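K.L.:
My questions all concern the structure below.
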Amino acid sequence: MGTKGRAIVGMDVDQLLGLLNRAFADEWLAYYQYWLGAKVAKGPMREGVFAELTQHAADELRHAGMLADRIIQLGGTPLLTPQDWYEATNCGYEIPADPYVETLLEQNIKGEQCAIEAYRQLMETTKEADPVTFNIALQILTDEVEHEEDLQALVEDIQLMKERRL
Ligand code: FE
Ligand code: FE
Ligand code: MG
């Protein structure tokens, strides 16, 4: 733990660590939802969906790493068990039980929209108090906004393909 780095945080550090761990839980659940969704996906444009979901899984895992590093920097401990992810999550986990591409994409779009709102709130909470966490939240939010658009574009393409029987 960097003592000066922690001392400059202008809010309750334990409260901030709680928020960071909630986001950390979200990222692991999002990672697994994407990773498994990519494997099981069936239907139109399966290969494009596989590539996009696999890429997003890698991004979510990278986000988990960014959050873990910040938690440790602040003297906290990233959640130690997968059971803790379910307790702490903001955005939950949508079970990819139906492998049809559009169903998976809709589930992941819902997750991204929740993530966008969660990081917007984290930025709001930290904007005066902690510019370092604010910057991490901004970087992650930028990725989540891109993810949502990527998935919505895929849904649009699948729908066009079906309408026009391409
Ligand atoms: Fe993420
Ligand atoms: Fe995402
Ligand atoms: Mg993408």
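Lettering and numbering for the structure tokens are positional, with chains as A, B, ... in the shown order, residues counted from 1 in each chain, and ligands counted from 1 in the shown order.
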Need to verify the contact set: Phe24 of chain A, 7 Å, only C-alpha atoms, exclusion of same-chain residues closer than 3 positions in sequence. Can you return it as an MDAnalysis selection string?
P.N.:
chainID A and resid 20:21 27:28 64 67:68
K.L.:
DSSP on the backbone, then: every residue of chain A marked helix (DSSP H, G or I), written as an mmCIF file with C-alpha atoms, in the first residue's frame.
P.N.:
data_model
loop_
_atom_site.group_PDB
_atom_site.id
_atom_site.type_symbol
_atom_site.label_atom_id
_atom_site.label_comp_id
_atom_site.auth_asym_id
_atom_site.auth_seq_id
_atom_site.Cartn_x
_atom_site.Cartn_y
_atom_site.Cartn_z
ATOM 1 C CA THR A 3 0.671 5.619 2.133
ATOM 2 C CA LYS A 4 0.630 8.991 0.354
ATOM 3 C CA GLY A 5 -1.357 7.526 -2.529
ATOM 4 C CA ARG A 6 -3.955 6.346 -0.046
ATOM 5 C CA ALA A 7 -3.864 9.548 2.018
ATOM 6 C CA VAL A 13 -11.282 4.348 1.531
ATOM 7 C CA ASP A 14 -13.214 1.330 2.804
ATOM 8 C CA GLN A 15 -16.326 2.576 1.027
ATOM 9 C CA LEU A 16 -14.284 3.065 -2.147
ATOM 10 C CA LEU A 17 -12.822 -0.448 -1.803
ATOM 11 C CA GLY A 18 -16.377 -1.787 -1.540
ATOM 12 C CA LEU A 19 -17.322 -0.072 -4.797
ATOM 13 C CA LEU A 20 -14.161 -1.332 -6.516
ATOM 14 C CA ASN A 21 -14.843 -4.889 -5.381
ATOM 15 C CA ARG A 22 -18.436 -4.705 -6.677
ATOM 16 C CA ALA A 23 -17.079 -3.688 -10.070
ATOM 17 C CA PHE A 24 -14.419 -6.422 -9.800
ATOM 18 C CA ALA A 25 -17.200 -9.010 -9.244
ATOM 19 C CA ASP A 26 -19.097 -7.656 -12.260
ATOM 20 C CA GLU A 27 -16.051 -8.011 -14.493
ATOM 21 C CA TRP A 28 -15.434 -11.655 -13.584
ATOM 22 C CA LEU A 29 -19.074 -12.553 -14.141
ATOM 23 C CA ALA A 30 -19.108 -10.635 -17.438
ATOM 24 C CA TYR A 31 -15.882 -12.382 -18.452
ATOM 25 C CA TYR A 32 -17.375 -15.817 -17.859
ATOM 26 C CA GLN A 33 -20.712 -14.952 -19.473
ATOM 27 C CA TYR A 34 -18.892 -13.823 -22.644
ATOM 28 C CA TRP A 35 -16.324 -16.599 -22.637
ATOM 29 C CA LEU A 36 -18.924 -19.336 -22.314
ATOM 30 C CA GLY A 37 -21.405 -17.587 -24.613
ATOM 31 C CA ALA A 38 -18.767 -17.526 -27.354
ATOM 32 C CA LYS A 39 -18.245 -21.274 -27.001
ATOM 33 C CA VAL A 40 -21.918 -22.270 -27.106
ATOM 34 C CA ARG A 46 -21.882 -17.634 -35.533
ATOM 35 C CA GLU A 47 -18.233 -16.926 -36.391
ATOM 36 C CA GLY A 48 -18.627 -13.153 -36.126
ATOM 37 C CA VAL A 49 -20.447 -13.566 -32.817
ATOM 38 C CA PHE A 50 -17.745 -15.936 -31.544
ATOM 39 C CA ALA A 51 -15.007 -13.438 -32.430
ATOM 40 C CA GLU A 52 -16.780 -10.485 -30.811
ATOM 41 C CA LEU A 53 -17.749 -12.302 -27.611
ATOM 42 C CA THR A 54 -14.238 -13.746 -27.251
ATOM 43 C CA GLN A 55 -12.698 -10.303 -27.676
ATOM 44 C CA HIS A 56 -15.072 -8.823 -25.113
ATOM 45 C CA ALA A 57 -14.262 -11.632 -22.668
ATOM 46 C CA ALA A 58 -10.590 -10.656 -22.906
ATOM 47 C CA ASP A 59 -11.484 -7.001 -22.274
ATOM 48 C CA GLU A 60 -13.546 -7.879 -19.187
ATOM 49 C CA LEU A 61 -10.675 -9.943 -17.777
ATOM 50 C CA ARG A 62 -8.334 -6.990 -18.362
ATOM 51 C CA HIS A 63 -10.820 -4.736 -16.531
ATOM 52 C CA ALA A 64 -10.824 -7.177 -13.576
ATOM 53 C CA GLY A 65 -7.033 -6.851 -13.506
ATOM 54 C CA MET A 66 -7.155 -3.037 -13.534
ATOM 55 C CA LEU A 67 -9.601 -3.061 -10.613
ATOM 56 C CA ALA A 68 -7.599 -5.659 -8.649
ATOM 57 C CA ASP A 69 -4.460 -3.541 -9.042
ATOM 58 C CA ARG A 70 -6.263 -0.448 -7.752
ATOM 59 C CA ILE A 71 -7.785 -2.386 -4.819
ATOM 60 C CA ILE A 72 -4.335 -3.645 -3.815
ATOM 61 C CA GLN A 73 -2.815 -0.160 -4.264
ATOM 62 C CA PRO A 82 -16.317 -16.815 -6.774
ATOM 63 C CA GLN A 83 -19.160 -17.049 -4.215
ATOM 64 C CA ASP A 84 -18.261 -13.475 -3.241
ATOM 65 C CA TRP A 85 -18.829 -12.329 -6.841
ATOM 66 C CA TYR A 86 -22.524 -13.219 -6.620
ATOM 67 C CA GLU A 87 -22.846 -11.407 -3.300
ATOM 68 C CA ALA A 88 -21.128 -8.241 -4.504
ATOM 69 C CA VAL A 101 -26.963 -15.910 -31.044
ATOM 70 C CA GLU A 102 -29.627 -13.213 -30.669
ATOM 71 C CA THR A 103 -30.568 -14.380 -27.173
ATOM 72 C CA LEU A 104 -26.919 -14.343 -26.093
ATOM 73 C CA LEU A 105 -26.361 -10.928 -27.643
ATOM 74 C CA GLU A 106 -29.437 -9.478 -25.901
ATOM 75 C CA GLN A 107 -28.254 -10.847 -22.554
ATOM 76 C CA ASN A 108 -24.830 -9.308 -23.067
ATOM 77 C CA ILE A 109 -26.302 -5.981 -24.201
ATOM 78 C CA LYS A 110 -28.246 -5.859 -20.933
ATOM 79 C CA GLY A 111 -24.996 -6.507 -19.055
ATOM 80 C CA GLU A 112 -23.161 -3.747 -20.909
ATOM 81 C CA GLN A 113 -25.950 -1.266 -20.237
ATOM 82 C CA CYS A 114 -25.756 -2.082 -16.536
ATOM 83 C CA ALA A 115 -21.947 -1.745 -16.633
ATOM 84 C CA ILE A 116 -22.190 1.642 -18.372
ATOM 85 C CA GLU A 117 -24.467 2.902 -15.600
ATOM 86 C CA ALA A 118 -22.277 1.403 -12.855
ATOM 87 C CA TYR A 119 -19.078 3.049 -14.172
ATOM 88 C CA ARG A 120 -20.880 6.337 -14.725
ATOM 89 C CA GLN A 121 -21.845 6.221 -11.056
ATOM 90 C CA LEU A 122 -18.305 5.280 -9.994
ATOM 91 C CA MET A 123 -17.003 8.288 -11.948
ATOM 92 C CA GLU A 124 -19.596 10.514 -10.304
ATOM 93 C CA THR A 125 -18.573 9.273 -6.842
ATOM 94 C CA THR A 126 -14.822 9.656 -7.449
ATOM 95 C CA PRO A 131 -8.742 11.086 -9.753
ATOM 96 C CA VAL A 132 -6.840 7.795 -10.052
ATOM 97 C CA THR A 133 -9.959 5.644 -9.666
ATOM 98 C CA PHE A 134 -11.890 8.148 -11.787
ATOM 99 C CA ASN A 135 -9.396 7.622 -14.601
ATOM 100 C CA ILE A 136 -9.641 3.820 -14.338
ATOM 101 C CA ALA A 137 -13.454 4.033 -14.391
ATOM 102 C CA LEU A 138 -13.270 6.314 -17.446
ATOM 103 C CA GLN A 139 -11.029 3.879 -19.325
ATOM 104 C CA ILE A 140 -13.321 0.960 -18.520
ATOM 105 C CA LEU A 141 -16.475 2.952 -19.335
ATOM 106 C CA THR A 142 -14.999 3.795 -22.743
ATOM 107 C CA ASP A 143 -14.629 0.062 -23.450
ATOM 108 C CA GLU A 144 -18.141 -0.763 -22.196
ATOM 109 C CA VAL A 145 -19.665 1.884 -24.469
ATOM 110 C CA GLU A 146 -17.807 0.314 -27.395
ATOM 111 C CA HIS A 147 -18.963 -3.166 -26.342
ATOM 112 C CA GLU A 148 -22.619 -2.140 -26.276
ATOM 113 C CA GLU A 149 -22.379 -0.664 -29.757
ATOM 114 C CA ASP A 150 -20.526 -3.700 -31.149
ATOM 115 C CA LEU A 151 -23.248 -6.031 -29.876
ATOM 116 C CA GLN A 152 -26.118 -3.853 -31.093
ATOM 117 C CA ALA A 153 -24.484 -3.654 -34.535
ATOM 118 C CA LEU A 154 -24.292 -7.463 -34.639
ATOM 119 C CA VAL A 155 -27.977 -7.790 -33.719
ATOM 120 C CA GLU A 156 -28.812 -5.283 -36.459
ATOM 121 C CA ASP A 157 -26.805 -7.276 -39.032
ATOM 122 C CA ILE A 158 -28.463 -10.545 -38.011
ATOM 123 C CA GLN A 159 -31.891 -8.944 -38.309
ATOM 124 C CA LEU A 160 -31.090 -7.475 -41.748
ATOM 125 C CA MET A 161 -29.824 -10.855 -42.873
ATOM 126 C CA LYS A 162 -33.062 -12.523 -41.801
ATOM 127 C CA GLU A 163 -35.311 -9.843 -43.307
ATOM 128 C CA ARG A 164 -33.555 -9.863 -46.650
#
K.L.:
For ligand 1, which of A:Cys91, A:Gly2, A:Pro99, A:Lys127 is the closest residue, counting only C-alpha atoms and all ligand atoms?
P.N.:
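Ranking A:Cys91, A:Gly2, A:Pro99, A:Lys127 by distance to ligand 1, first place goes to A:Cys91.
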K.L.:
Would you work out the distance separating atom CA of Arg165 of chain A from atom CA of Gly43 of chain A, expressed in Å to one decimal?
P.N.:
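Interatomic distance, atom CA of Arg165 of chain A to atom CA of Gly43 of chain A: 13.8 Å.
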